[in-house]
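Student: I am attaching a structure below and will ask some questions about it afterwards.
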Amino acid sequence: MAESEECCSTQVINGDGSFNDEGIDRFVKEIKLAECGLSYAVVSIMGPQSSGKSTLLNHLFHTNFREMDAFMGRSQTTKGIWIAKCAGLEPCTLVMDLEGTDGRERGEDDTAFEKQSALFALAVSDIVLINMWCHDIGREQAANKPLLKTVFQVMMRLFSPRKTTLMFVIRDKTRTPLEHLEPVLREDIRKIWDSVPKPEAQMETSLSEFFNVEVVALSSYEGKEELFKEQVANLRQRFFHSIAPGGIAGDRRGAVPASGFSFSAQHIWKVIKENKDLDLPAHKVMVATVRCEEIASEKYTSFTSNENWHSLEEAVKSGPVACFGKKLNSILYTSLSEYDAEATYFDEGVRSAKRKHLEEKLLQIVQPAYQSMLGHLRIETLENFKEAFDKALKGDEGFSVAARKCIETYMASFDAGYADAAVELANWDSSKIRDKLRHDINDHVASVRAAKLSELTSSYEAKLNEALSGPVEALLDGANKETWPLIRKLLQRETESILSGLSTVLSGFDMDEQTQKKTLTSLANHARGVVEGKAKEEAGRVLIRMKDRFSTLFNHDSDSMPRVWTGKEDVRSISKTAHSAALKLLSVMAAIRLDDNVDNIENTLCSALLDTKGIASVAKWGSTTSDPLASSTWDKVPPNKILITPVQCKILWRQYRAETEYCVTQAISAQEANKRSNNWLPPPWAIVALIILGFNEFLTLLRNPLYVGIIFIGYLMLKALWVQLDISGEFSHGVLPGIISLSTKFIPTIMSLLKKLAEEGQAAANNNPQSTNASASKSLPNTTSPSLTASSTVTSSANGTKEE
């Protein structure tokens with residue numbers, strides 16, 4: 001049953017000449033012909049009607065073609081062309097049973113189908129069996145000579161021969177030996193070949209270029225059935241490995257791959273039906289073109305629906321994928337290897353062209369994912385570089401060394417990632433992405449370098465500010481003739497120290513000499529600017545500095561102790577010295593002297609402001625033509641170095657004198673007040689007169705001690721008032737101011753003293769009344785006790801009031 005199914009025959013072309021495309025496609029699928037590649041053979045048979053063709057095929061190839069029933073009469077059995085797969089033969093062998101020629105049913109004039117079927121058999125078959133009766137050898141029509149002549153003529157116009165094997169099967173062999181029959185048959189075939197018109201290029205072409213001729217003879221099937229079967233079995237052995245080298249069709253050419261057999265056969269029949277000459281090479285290319293396009297289209301569709309590809313495509317959208325190139329190459333090679341496996345037997349040129357086209361289409365699909373992968377790789381490499389570069393800068397390595405190492409490391413990392421993502425089939429130029437990465441890295445390095453240099457410069461500028469601002473301010477505050485030389489030395493020392501440190505650090509940035517020099521020059525200019533800025537700042541406060549200088553020298557002695565104006569000091573000389581020091585400070589602050597240039601600012605100021613004769617002369621005549629300060633510039637001083645112009649110095653000096661004049665006036669007044677306070681005793685003659693004239697009063701006091709107590713109490717009261725009112729202090733500012741001040745304070749002070757005395761007395765009475773009475777009873781023996789108590793109370797009250 002299995003063999004019957006395997007050998008099931010299918011009609012390829014019906015009796016009307018219609019090609020059974022659905023049937024042949026189904027037949028090809030059932031026998032799995034597409035899996036054979038080029039390892040298959042096609043055998044066909046032609047010959048007169050009722051010559052036993054189907055019977056021969058069934059016995060020779062174990063097929064099941066329909067055979068003629070001799071008891072039903074001799075008639076047409078096979079209509080059209082049938083095909084079946086041989087059973088038990090290697091390689092896969094297909095057998096086509098053609099409708100017999102010279103049939104009664106089609107008539108004597110209807111030979112078109114015979115010619116068409118013969119051409120079809122020659123076009124698709126590797127081996128063509130020509131079935132003929134032994135007694136027809138030497139005849140014209142019965143031996144199919146006209147048909148062979150037509151076939152040969154058409155085959156001569158083919159572009160290139162298929163090298164078909166023609167096997168003449170002589171049926172019902174007679175007693176005539178085959179050695180005698182075969183030469184006759186070959187001679188007839190040669191004559192037919194020679195009589196066929198040939199193109200000029202093939203005039204000398206022999207029959208062997210197009211055909212292999214084989215001749216076999218078989219005994220009668222009806223008369224010698226056993227011998228017939230034995231001979232057929234022997235003949236069957238020749239069809240094993242028929243297309244192998246040395247086989248009966250071992251030198252065939254132009255075979256169509258098994259997967260294209262159905263389409264090829266259909267196209268050949270269409271060309272034959274349209275009465276066109278066959279062009280097998282063009283047909284071969286056409287079949288290869290159609291089938292390879294179909295296979296390529298199938299593989300393209302299969303690739304686009306491949307889940308592995310979709311997963312890879314989705315994954316690469318969100319970030320880089322490890323082994324991207326390996327995975328993608330595997331998917332691509334799988335699709336292309338499947339194409340190669342199915343198209344391997346088709347025309348090489350067509351196969352390669354279609355494969356190339358399939359590659360281009362597949363690469364066109366995967367290129368966006370590949371570009372996305374490189375984009376992610378570039379971004380990831382850039383971010384990793386930034387992170388590593390920041391860490392490297394925190395170490396001990398210099399900037400340039402860290403940058404160079406990081407660039408080399410991460411460009412190599414990108415190259416490795418690029419190699420990992422490479423699509424082997426593509427020749428894409430990714431240098432632009434690499435150049436973009438290198439450009440981004442260089443931009444980042446440049447920005448970090450600029451930031452680091454800015455930070456570094458700011459740091460060293462801050463160091464200069466710290467090193468210069470305070471000392472320069474202190475030097476300007478104590479301005480003297482050595483101020484600017486000291487500032488110049490300070491500036492030079494600190495600048496050289498800072499620039500040396502900066503130069504050492506800059507060597508790690510791999511800067512060119514010009515840029516480094518420019519940076520150092522900028523920092524040196526900044527140092528100079530710090531000094532100039534501080535000088536301008538101090539120049540704005542010069543008036544305050546002058547007054548402080550005057551106050552310090554005028555109000556303090558050489559030991560820096562506060563000066564007490566006793567009247568012995570030379571106020572004029574002291575004030576002149578203080579004014580001279582203030583003017584010295586003004587001359588120092590008038591201009592910036594960071595260069596060694598010599599100027600005459602101090603002399604000019606002294607002659608104009610301290611020379612009383614010159615000042616008096618100007619005041620007298622009212623002329624400013626000879627005034628050295630009537631100018632906006634200093635002689636020998638550049639305008640950009642002037643801090644205070646001569647005019648401004650004159651204005652400042654006038655303001656300074658006005659604000660310091662009060663101090664001088666106060667000193668003079670203090671001296672006068674001191675002198676008056678030291679002369680409070682009367683003259684000696686007055687003292688002698690008082691003693692002489694007051695002798696009687698003195699005796700009276702001695703006789704009556706109570707007066708002494710009253711006087712003492714009065715003295716204490718006056719002493720308390722003196723302390724409370726600070727009479728000496730009030731009169732130190734002058735007599736009139738002292739009198740006015742005492743007049744406003746006298747009454748409140750008296751009232752305050754009386755109130756305190758009353759409070760003290762009340763408190764003593766409340767605390768010890770018995771003691772009070774006892775004291776009263778003993779008042780006569782101890783007369784001075786109340787006086788002493790009252791004196792103490794008044795004095796303490798006065799002192800307390802003063803402290804308050």
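Here's how to read the names in the structure tokens: chain A, B, ... by the order shown, residue numbers from 1 in each chain, ligand numbers from 1 in the order shown.
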Going by DSSP on the backbone, which bits of stretch 428-612 of chain A are helix (DSSP H, G or I)? Write them as a short mmCIF file (atom, residue, chain, number, x, y, z; two decimals) with N, CA and C atoms, in the first residue's frame, please.
Tutor:
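result_4.cif, freshly written:
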data_model
loop_
_atom_site.label_atom_id
_atom_site.label_comp_id
_atom_site.auth_asym_id
_atom_site.auth_seq_id
_atom_site.Cartn_x
_atom_site.Cartn_y
_atom_site.Cartn_z
N SER A 431 32.81 55.94 11.05
CA SER A 431 33.83 56.88 11.50
C SER A 431 33.22 58.18 12.01
N LYS A 432 32.06 58.57 11.45
CA LYS A 432 31.42 59.80 11.90
C LYS A 432 31.00 59.71 13.36
N ILE A 433 30.48 58.55 13.78
CA ILE A 433 30.07 58.38 15.17
C ILE A 433 31.30 58.39 16.07
N ARG A 434 32.36 57.75 15.61
CA ARG A 434 33.60 57.76 16.40
C ARG A 434 34.17 59.18 16.49
N ASP A 435 34.13 59.89 15.37
CA ASP A 435 34.61 61.28 15.37
C ASP A 435 33.75 62.15 16.28
N LYS A 436 32.44 61.89 16.27
CA LYS A 436 31.54 62.65 17.15
C LYS A 436 31.87 62.39 18.61
N LEU A 437 32.13 61.11 18.95
CA LEU A 437 32.51 60.78 20.33
C LEU A 437 33.81 61.48 20.70
N ARG A 438 34.80 61.43 19.81
CA ARG A 438 36.08 62.05 20.11
C ARG A 438 35.91 63.56 20.26
N HIS A 439 35.05 64.14 19.41
CA HIS A 439 34.79 65.58 19.51
C HIS A 439 34.12 65.92 20.83
N ASP A 440 33.15 65.10 21.25
CA ASP A 440 32.47 65.33 22.53
C ASP A 440 33.44 65.19 23.70
N ILE A 441 34.31 64.18 23.63
CA ILE A 441 35.30 63.99 24.70
C ILE A 441 36.25 65.17 24.76
N ASN A 442 36.73 65.61 23.60
CA ASN A 442 37.64 66.75 23.57
C ASN A 442 36.97 68.01 24.09
N ASP A 443 35.68 68.20 23.74
CA ASP A 443 34.94 69.36 24.25
C ASP A 443 34.83 69.30 25.76
N HIS A 444 34.54 68.09 26.28
CA HIS A 444 34.42 67.95 27.74
C HIS A 444 35.75 68.23 28.42
N VAL A 445 36.82 67.68 27.83
CA VAL A 445 38.15 67.91 28.41
C VAL A 445 38.48 69.40 28.39
N ALA A 446 38.14 70.05 27.26
CA ALA A 446 38.41 71.49 27.15
C ALA A 446 37.61 72.28 28.18
N SER A 447 36.32 71.91 28.35
CA SER A 447 35.50 72.63 29.32
C SER A 447 36.01 72.41 30.75
N VAL A 448 36.40 71.15 31.04
CA VAL A 448 36.94 70.87 32.38
C VAL A 448 38.27 71.60 32.57
N ARG A 449 39.10 71.62 31.51
CA ARG A 449 40.37 72.35 31.61
C ARG A 449 40.11 73.82 31.89
N ALA A 450 39.15 74.40 31.14
CA ALA A 450 38.85 75.81 31.36
C ALA A 450 38.33 76.05 32.78
N ALA A 451 37.45 75.12 33.24
CA ALA A 451 36.92 75.27 34.60
C ALA A 451 38.02 75.12 35.65
N LYS A 452 38.90 74.11 35.44
CA LYS A 452 39.98 73.90 36.38
C LYS A 452 40.95 75.09 36.39
N LEU A 453 41.26 75.59 35.20
CA LEU A 453 42.17 76.73 35.13
C LEU A 453 41.54 77.96 35.77
N SER A 454 40.22 78.14 35.54
CA SER A 454 39.53 79.26 36.15
C SER A 454 39.53 79.12 37.67
N GLU A 455 39.23 77.88 38.13
CA GLU A 455 39.23 77.62 39.57
C GLU A 455 40.62 77.81 40.15
N LEU A 456 41.62 77.30 39.42
CA LEU A 456 43.00 77.43 39.87
C LEU A 456 43.43 78.89 39.91
N THR A 457 43.09 79.62 38.86
CA THR A 457 43.45 81.04 38.81
C THR A 457 42.76 81.80 39.93
N SER A 458 41.47 81.49 40.15
CA SER A 458 40.74 82.15 41.22
C SER A 458 41.37 81.85 42.58
N SER A 459 41.81 80.58 42.74
CA SER A 459 42.44 80.20 44.01
C SER A 459 43.72 80.99 44.24
N TYR A 460 44.55 81.09 43.21
CA TYR A 460 45.80 81.84 43.37
C TYR A 460 45.56 83.34 43.47
N GLU A 461 44.51 83.81 42.82
CA GLU A 461 44.15 85.22 42.99
C GLU A 461 43.72 85.49 44.42
N ALA A 462 42.96 84.52 44.99
CA ALA A 462 42.54 84.67 46.39
C ALA A 462 43.76 84.68 47.32
N LYS A 463 44.75 83.80 46.98
CA LYS A 463 45.97 83.80 47.78
C LYS A 463 46.69 85.14 47.68
N LEU A 464 46.74 85.70 46.49
CA LEU A 464 47.36 87.02 46.33
C LEU A 464 46.60 88.08 47.11
N ASN A 465 45.27 88.01 47.03
CA ASN A 465 44.47 88.98 47.78
C ASN A 465 44.78 88.91 49.27
N GLU A 466 44.87 87.67 49.76
CA GLU A 466 45.13 87.48 51.18
C GLU A 466 46.55 87.93 51.54
N ALA A 467 47.49 87.63 50.64
CA ALA A 467 48.89 87.95 50.92
C ALA A 467 49.19 89.43 50.78
N LEU A 468 48.41 90.16 49.99
CA LEU A 468 48.73 91.56 49.71
C LEU A 468 47.82 92.56 50.39
N SER A 469 46.53 92.24 50.48
CA SER A 469 45.57 93.26 50.94
C SER A 469 45.91 93.76 52.34
N GLY A 470 46.02 92.83 53.31
CA GLY A 470 46.28 93.24 54.68
C GLY A 470 47.61 93.98 54.85
N PRO A 471 48.71 93.38 54.36
CA PRO A 471 50.00 94.09 54.51
C PRO A 471 50.04 95.44 53.81
N VAL A 472 49.44 95.54 52.62
CA VAL A 472 49.45 96.83 51.90
C VAL A 472 48.64 97.85 52.68
N GLU A 473 47.53 97.44 53.22
CA GLU A 473 46.71 98.36 54.01
C GLU A 473 47.47 98.84 55.24
N ALA A 474 48.18 97.89 55.89
CA ALA A 474 48.96 98.27 57.08
C ALA A 474 50.09 99.22 56.71
N LEU A 475 50.76 98.97 55.58
CA LEU A 475 51.84 99.86 55.17
C LEU A 475 51.33 101.24 54.82
N LEU A 476 50.19 101.29 54.15
CA LEU A 476 49.63 102.59 53.79
C LEU A 476 49.12 103.33 55.03
N ASP A 477 48.66 102.57 56.01
CA ASP A 477 48.18 103.20 57.24
C ASP A 477 49.34 103.89 57.97
N THR A 483 57.25 103.54 52.58
CA THR A 483 56.02 102.78 52.35
C THR A 483 56.01 102.11 50.98
N TRP A 484 56.17 102.90 49.92
CA TRP A 484 56.09 102.33 48.57
C TRP A 484 57.25 101.40 48.24
N PRO A 485 58.49 101.65 48.66
CA PRO A 485 59.53 100.64 48.46
C PRO A 485 59.21 99.32 49.14
N LEU A 486 58.64 99.41 50.36
CA LEU A 486 58.25 98.18 51.05
C LEU A 486 57.11 97.47 50.31
N ILE A 487 56.17 98.26 49.78
CA ILE A 487 55.06 97.66 49.02
C ILE A 487 55.59 96.97 47.76
N ARG A 488 56.56 97.62 47.10
CA ARG A 488 57.13 97.02 45.89
C ARG A 488 57.82 95.70 46.22
N LYS A 489 58.57 95.67 47.31
CA LYS A 489 59.23 94.43 47.70
C LYS A 489 58.21 93.35 48.05
N LEU A 490 57.19 93.76 48.78
CA LEU A 490 56.13 92.82 49.14
C LEU A 490 55.46 92.26 47.89
N LEU A 491 55.13 93.13 46.94
CA LEU A 491 54.48 92.70 45.70
C LEU A 491 55.37 91.74 44.93
N GLN A 492 56.64 92.08 44.82
CA GLN A 492 57.56 91.24 44.06
C GLN A 492 57.73 89.87 44.73
N ARG A 493 57.88 89.87 46.05
CA ARG A 493 58.09 88.61 46.77
C ARG A 493 56.87 87.69 46.68
N GLU A 494 55.70 88.23 46.96
CA GLU A 494 54.49 87.41 46.94
C GLU A 494 54.12 86.97 45.52
N THR A 495 54.34 87.87 44.55
CA THR A 495 54.02 87.52 43.16
C THR A 495 54.91 86.40 42.66
N GLU A 496 56.21 86.50 42.93
CA GLU A 496 57.13 85.45 42.50
C GLU A 496 56.80 84.12 43.16
N SER A 497 56.44 84.15 44.44
CA SER A 497 56.10 82.93 45.15
C SER A 497 54.84 82.28 44.56
N ILE A 498 53.82 83.09 44.36
CA ILE A 498 52.56 82.57 43.82
C ILE A 498 52.73 82.10 42.39
N LEU A 499 53.43 82.87 41.57
CA LEU A 499 53.62 82.49 40.16
C LEU A 499 54.44 81.21 40.05
N SER A 500 55.40 81.03 40.94
CA SER A 500 56.18 79.80 40.93
C SER A 500 55.30 78.59 41.19
N GLY A 501 54.44 78.71 42.20
CA GLY A 501 53.51 77.61 42.49
C GLY A 501 52.55 77.35 41.34
N LEU A 502 52.01 78.42 40.73
CA LEU A 502 51.08 78.27 39.62
C LEU A 502 51.77 77.66 38.41
N SER A 503 53.00 78.08 38.17
CA SER A 503 53.74 77.54 37.03
C SER A 503 53.95 76.04 37.17
N THR A 504 54.23 75.59 38.38
CA THR A 504 54.40 74.16 38.62
C THR A 504 53.11 73.40 38.36
N VAL A 505 52.00 73.97 38.80
CA VAL A 505 50.71 73.32 38.59
C VAL A 505 50.34 73.32 37.11
N LEU A 506 50.60 74.42 36.42
CA LEU A 506 50.24 74.52 35.00
C LEU A 506 51.02 73.55 34.14
N SER A 507 52.18 73.13 34.60
CA SER A 507 52.97 72.17 33.80
C SER A 507 52.23 70.85 33.64
N GLY A 508 51.30 70.56 34.54
CA GLY A 508 50.51 69.34 34.42
C GLY A 508 49.36 69.45 33.46
N PHE A 509 49.10 70.64 32.92
CA PHE A 509 48.00 70.84 31.97
C PHE A 509 48.44 70.74 30.52
N GLU A 513 53.58 77.12 25.56
CA GLU A 513 54.34 78.14 26.29
C GLU A 513 53.65 79.50 26.25
N GLN A 514 53.06 79.81 25.12
CA GLN A 514 52.42 81.12 24.99
C GLN A 514 51.21 81.25 25.91
N THR A 515 50.40 80.19 25.95
CA THR A 515 49.21 80.23 26.82
C THR A 515 49.61 80.28 28.29
N GLN A 516 50.61 79.47 28.65
CA GLN A 516 51.07 79.49 30.03
C GLN A 516 51.61 80.86 30.42
N LYS A 517 52.38 81.45 29.53
CA LYS A 517 52.94 82.78 29.80
C LYS A 517 51.81 83.80 29.95
N LYS A 518 50.79 83.66 29.12
CA LYS A 518 49.66 84.59 29.20
C LYS A 518 48.94 84.46 30.54
N THR A 519 48.79 83.21 31.02
CA THR A 519 48.12 82.98 32.30
C THR A 519 48.93 83.58 33.45
N LEU A 520 50.24 83.37 33.43
CA LEU A 520 51.09 83.90 34.49
C LEU A 520 51.11 85.43 34.47
N THR A 521 51.13 85.98 33.26
CA THR A 521 51.11 87.45 33.14
C THR A 521 49.80 88.01 33.69
N SER A 522 48.72 87.30 33.41
CA SER A 522 47.42 87.75 33.91
C SER A 522 47.39 87.75 35.43
N LEU A 523 47.99 86.70 36.04
CA LEU A 523 48.01 86.64 37.50
C LEU A 523 48.91 87.73 38.07
N ALA A 524 50.03 88.01 37.40
CA ALA A 524 50.91 89.09 37.86
C ALA A 524 50.20 90.44 37.78
N ASN A 525 49.46 90.64 36.71
CA ASN A 525 48.68 91.89 36.58
C ASN A 525 47.61 91.98 37.66
N HIS A 526 47.04 90.79 38.00
CA HIS A 526 46.04 90.79 39.08
C HIS A 526 46.67 91.22 40.39
N ALA A 527 47.89 90.70 40.66
CA ALA A 527 48.57 91.09 41.90
C ALA A 527 48.80 92.59 41.93
N ARG A 528 49.24 93.13 40.82
CA ARG A 528 49.45 94.57 40.75
C ARG A 528 48.12 95.30 40.92
N GLY A 529 47.06 94.71 40.33
CA GLY A 529 45.74 95.33 40.47
C GLY A 529 45.24 95.32 41.90
N VAL A 530 45.60 94.24 42.65
CA VAL A 530 45.20 94.18 44.06
C VAL A 530 45.82 95.35 44.83
N VAL A 531 47.11 95.58 44.60
CA VAL A 531 47.79 96.67 45.29
C VAL A 531 47.21 98.02 44.89
N GLU A 532 47.01 98.19 43.59
CA GLU A 532 46.45 99.46 43.12
C GLU A 532 45.04 99.66 43.65
N GLY A 533 44.24 98.56 43.67
CA GLY A 533 42.88 98.67 44.19
C GLY A 533 42.87 99.03 45.66
N LYS A 534 43.77 98.38 46.41
CA LYS A 534 43.84 98.71 47.84
C LYS A 534 44.31 100.15 48.04
N ALA A 535 45.24 100.63 47.20
CA ALA A 535 45.71 102.02 47.30
C ALA A 535 44.58 102.99 46.99
N LYS A 536 43.78 102.69 45.97
CA LYS A 536 42.64 103.55 45.65
C LYS A 536 41.63 103.54 46.79
N GLU A 537 41.43 102.37 47.38
CA GLU A 537 40.49 102.27 48.49
C GLU A 537 40.96 103.11 49.67
N GLU A 538 42.26 103.01 49.98
CA GLU A 538 42.80 103.78 51.09
C GLU A 538 42.83 105.27 50.76
N ALA A 539 43.02 105.60 49.48
CA ALA A 539 43.01 107.02 49.09
C ALA A 539 41.63 107.63 49.32
N GLY A 540 40.61 106.83 49.20
CA GLY A 540 39.27 107.35 49.48
C GLY A 540 39.05 107.65 50.94
N VAL A 542 41.56 108.85 52.89
CA VAL A 542 42.77 109.56 53.30
C VAL A 542 42.49 110.63 54.35
N LEU A 543 41.34 111.31 54.25
CA LEU A 543 41.02 112.36 55.22
C LEU A 543 40.89 111.77 56.62
N ILE A 544 40.25 110.60 56.70
CA ILE A 544 40.11 109.95 58.01
C ILE A 544 41.47 109.55 58.53
N ARG A 545 42.31 109.01 57.62
CA ARG A 545 43.66 108.60 58.02
C ARG A 545 44.49 109.80 58.50
N MET A 546 44.34 110.92 57.83
CA MET A 546 45.08 112.12 58.23
C MET A 546 44.64 112.59 59.60
N LYS A 547 43.37 112.60 59.84
CA LYS A 547 42.87 113.06 61.14
C LYS A 547 43.31 112.10 62.23
N ASP A 548 43.30 110.78 61.92
CA ASP A 548 43.76 109.81 62.91
C ASP A 548 45.24 110.01 63.19
N ARG A 549 45.99 110.27 62.14
CA ARG A 549 47.43 110.49 62.32
C ARG A 549 47.67 111.74 63.19
N PHE A 550 46.94 112.79 62.88
CA PHE A 550 47.06 114.02 63.68
C PHE A 550 46.67 113.79 65.12
N SER A 551 45.54 113.10 65.30
CA SER A 551 45.04 112.88 66.66
C SER A 551 46.03 112.05 67.47
N THR A 552 46.61 111.01 66.79
CA THR A 552 47.56 110.15 67.50
C THR A 552 48.79 110.92 67.95
N LEU A 553 49.34 111.73 67.07
CA LEU A 553 50.55 112.47 67.42
C LEU A 553 50.27 113.66 68.32
N PHE A 554 49.15 114.29 68.16
CA PHE A 554 48.84 115.50 68.92
C PHE A 554 48.41 115.17 70.34
N ASN A 555 47.65 114.10 70.53
CA ASN A 555 47.08 113.78 71.84
C ASN A 555 47.88 112.78 72.63
N VAL A 571 52.28 123.72 72.25
CA VAL A 571 51.18 123.29 71.38
C VAL A 571 51.49 123.58 69.93
N ARG A 572 52.09 124.70 69.65
CA ARG A 572 52.39 125.06 68.26
C ARG A 572 53.33 124.05 67.61
N SER A 573 54.39 123.69 68.36
CA SER A 573 55.36 122.74 67.81
C SER A 573 54.74 121.36 67.63
N ILE A 574 53.94 120.96 68.65
CA ILE A 574 53.29 119.64 68.56
C ILE A 574 52.33 119.59 67.38
N SER A 575 51.52 120.62 67.23
CA SER A 575 50.55 120.63 66.13
C SER A 575 51.27 120.67 64.78
N LYS A 576 52.39 121.37 64.70
CA LYS A 576 53.13 121.42 63.43
C LYS A 576 53.67 120.04 63.08
N THR A 577 54.18 119.35 64.10
CA THR A 577 54.68 117.99 63.84
C THR A 577 53.56 117.06 63.37
N ALA A 578 52.37 117.18 64.04
CA ALA A 578 51.24 116.34 63.65
C ALA A 578 50.76 116.68 62.26
N HIS A 579 50.73 118.00 61.90
CA HIS A 579 50.31 118.39 60.55
C HIS A 579 51.31 117.88 59.51
N SER A 580 52.56 117.93 59.88
CA SER A 580 53.58 117.46 58.95
C SER A 580 53.42 115.97 58.68
N ALA A 581 53.12 115.19 59.74
CA ALA A 581 52.92 113.75 59.57
C ALA A 581 51.68 113.48 58.72
N ALA A 582 50.60 114.24 58.94
CA ALA A 582 49.39 114.07 58.15
C ALA A 582 49.65 114.40 56.68
N LEU A 583 50.43 115.47 56.46
CA LEU A 583 50.74 115.85 55.09
C LEU A 583 51.63 114.79 54.43
N LYS A 584 52.49 114.16 55.24
CA LYS A 584 53.31 113.08 54.71
C LYS A 584 52.42 111.93 54.24
N LEU A 585 51.44 111.63 55.05
CA LEU A 585 50.51 110.56 54.67
C LEU A 585 49.77 110.92 53.38
N LEU A 586 49.39 112.18 53.24
CA LEU A 586 48.68 112.62 52.04
C LEU A 586 49.56 112.51 50.81
N SER A 587 50.84 112.84 50.99
CA SER A 587 51.76 112.75 49.85
C SER A 587 51.98 111.29 49.43
N VAL A 588 52.01 110.40 50.43
CA VAL A 588 52.17 108.97 50.10
C VAL A 588 50.96 108.44 49.36
N MET A 589 49.76 108.89 49.76
CA MET A 589 48.52 108.40 49.16
C MET A 589 48.15 109.11 47.86
N ILE A 601 56.10 115.03 44.78
CA ILE A 601 54.78 115.32 45.36
C ILE A 601 54.92 115.82 46.79
N GLU A 602 55.75 115.16 47.59
CA GLU A 602 55.89 115.55 48.99
C GLU A 602 56.45 116.97 49.12
N ASN A 603 57.45 117.29 48.35
CA ASN A 603 58.01 118.64 48.41
C ASN A 603 57.00 119.68 47.97
N THR A 604 56.26 119.34 46.94
CA THR A 604 55.25 120.28 46.44
C THR A 604 54.20 120.55 47.50
N LEU A 605 53.72 119.48 48.15
CA LEU A 605 52.70 119.64 49.17
C LEU A 605 53.24 120.42 50.38
N CYS A 606 54.47 120.13 50.78
CA CYS A 606 55.04 120.83 51.93
C CYS A 606 55.22 122.32 51.64
N SER A 607 55.73 122.59 50.45
CA SER A 607 55.95 124.00 50.12
C SER A 607 54.64 124.74 49.95
N ALA A 608 53.61 124.02 49.50
CA ALA A 608 52.33 124.70 49.24
C ALA A 608 51.45 124.76 50.48
N LEU A 609 51.54 123.80 51.35
CA LEU A 609 50.59 123.71 52.45
C LEU A 609 51.22 123.97 53.82
N LEU A 610 52.50 123.71 53.99
CA LEU A 610 53.14 123.93 55.28
C LEU A 610 53.99 125.18 55.30
N THR A 612 54.34 128.62 55.52
CA THR A 612 53.42 129.71 55.89
C THR A 612 53.69 130.97 55.10
#
Student: Quick one: residues within 9 Å of A:Leu122, only C-alpha atoms counted, chain neighbours fewer than 2 positions away excluded, as JSON, numbers by chain?
Tutor: {"A": [44, 117, 118, 119, 120, 124, 125, 126, 127, 128, 151, 155, 162, 164]}
Student: Would you put the residues from that selection into a file with N, CA and C atoms, as an mmCIF file, in the first residue's frame?
Tutor:
data_model
loop_
_atom_site.group_PDB
_atom_site.id
_atom_site.type_symbol
_atom_site.label_atom_id
_atom_site.label_comp_id
_atom_site.auth_asym_id
_atom_site.auth_seq_id
_atom_site.Cartn_x
_atom_site.Cartn_y
_atom_site.Cartn_z
ATOM 1 N N SER A 44 11.591 10.199 -19.439
ATOM 2 C CA SER A 44 10.332 10.215 -20.197
ATOM 3 C C SER A 44 10.402 9.182 -21.318
ATOM 4 N N SER A 117 4.645 17.555 -27.223
ATOM 5 C CA SER A 117 4.985 16.641 -26.126
ATOM 6 C C SER A 117 6.416 16.148 -26.243
ATOM 7 N N ALA A 118 6.869 15.906 -27.502
ATOM 8 C CA ALA A 118 8.250 15.471 -27.698
ATOM 9 C C ALA A 118 9.231 16.561 -27.260
ATOM 10 N N LEU A 119 8.965 17.804 -27.662
ATOM 11 C CA LEU A 119 9.821 18.911 -27.237
ATOM 12 C C LEU A 119 9.816 19.071 -25.710
ATOM 13 N N PHE A 120 8.651 18.902 -25.134
ATOM 14 C CA PHE A 120 8.538 19.012 -23.682
ATOM 15 C C PHE A 120 9.389 17.957 -22.992
ATOM 16 N N VAL A 124 12.683 18.818 -20.473
ATOM 17 C CA VAL A 124 12.669 18.608 -19.020
ATOM 18 C C VAL A 124 13.336 17.319 -18.603
ATOM 19 N N SER A 125 13.633 16.426 -19.520
ATOM 20 C CA SER A 125 14.113 15.090 -19.158
ATOM 21 C C SER A 125 15.620 14.990 -19.277
ATOM 22 N N ASP A 126 16.179 14.141 -18.437
ATOM 23 C CA ASP A 126 17.583 13.789 -18.537
ATOM 24 C C ASP A 126 17.774 12.574 -19.436
ATOM 25 N N ILE A 127 16.782 11.694 -19.416
ATOM 26 C CA ILE A 127 16.824 10.480 -20.239
ATOM 27 C C ILE A 127 15.488 10.368 -20.949
ATOM 28 N N VAL A 128 15.541 10.176 -22.275
ATOM 29 C CA VAL A 128 14.322 9.984 -23.075
ATOM 30 C C VAL A 128 14.373 8.597 -23.697
ATOM 31 N N VAL A 151 12.409 17.465 -33.888
ATOM 32 C CA VAL A 151 12.988 17.698 -32.568
ATOM 33 C C VAL A 151 14.441 18.119 -32.684
ATOM 34 N N MET A 155 16.199 21.516 -31.445
ATOM 35 C CA MET A 155 17.302 21.451 -30.503
ATOM 36 C C MET A 155 18.544 22.165 -31.019
ATOM 37 N N ARG A 162 21.334 20.498 -23.569
ATOM 38 C CA ARG A 162 21.173 19.906 -22.242
ATOM 39 C C ARG A 162 21.972 18.623 -22.101
ATOM 40 N N THR A 164 21.079 15.518 -23.473
ATOM 41 C CA THR A 164 20.070 14.519 -23.115
ATOM 42 C C THR A 164 20.489 13.150 -23.620
#
Student: Just the residues within 8 Å of stretch 32-38 of chain A, please, counting only C-alpha atoms, with nothing from its chain fewer than 4 positions along; format it as number ranges by chain.
Tutor: A: 28, 92, 255-260, 342, 344-345
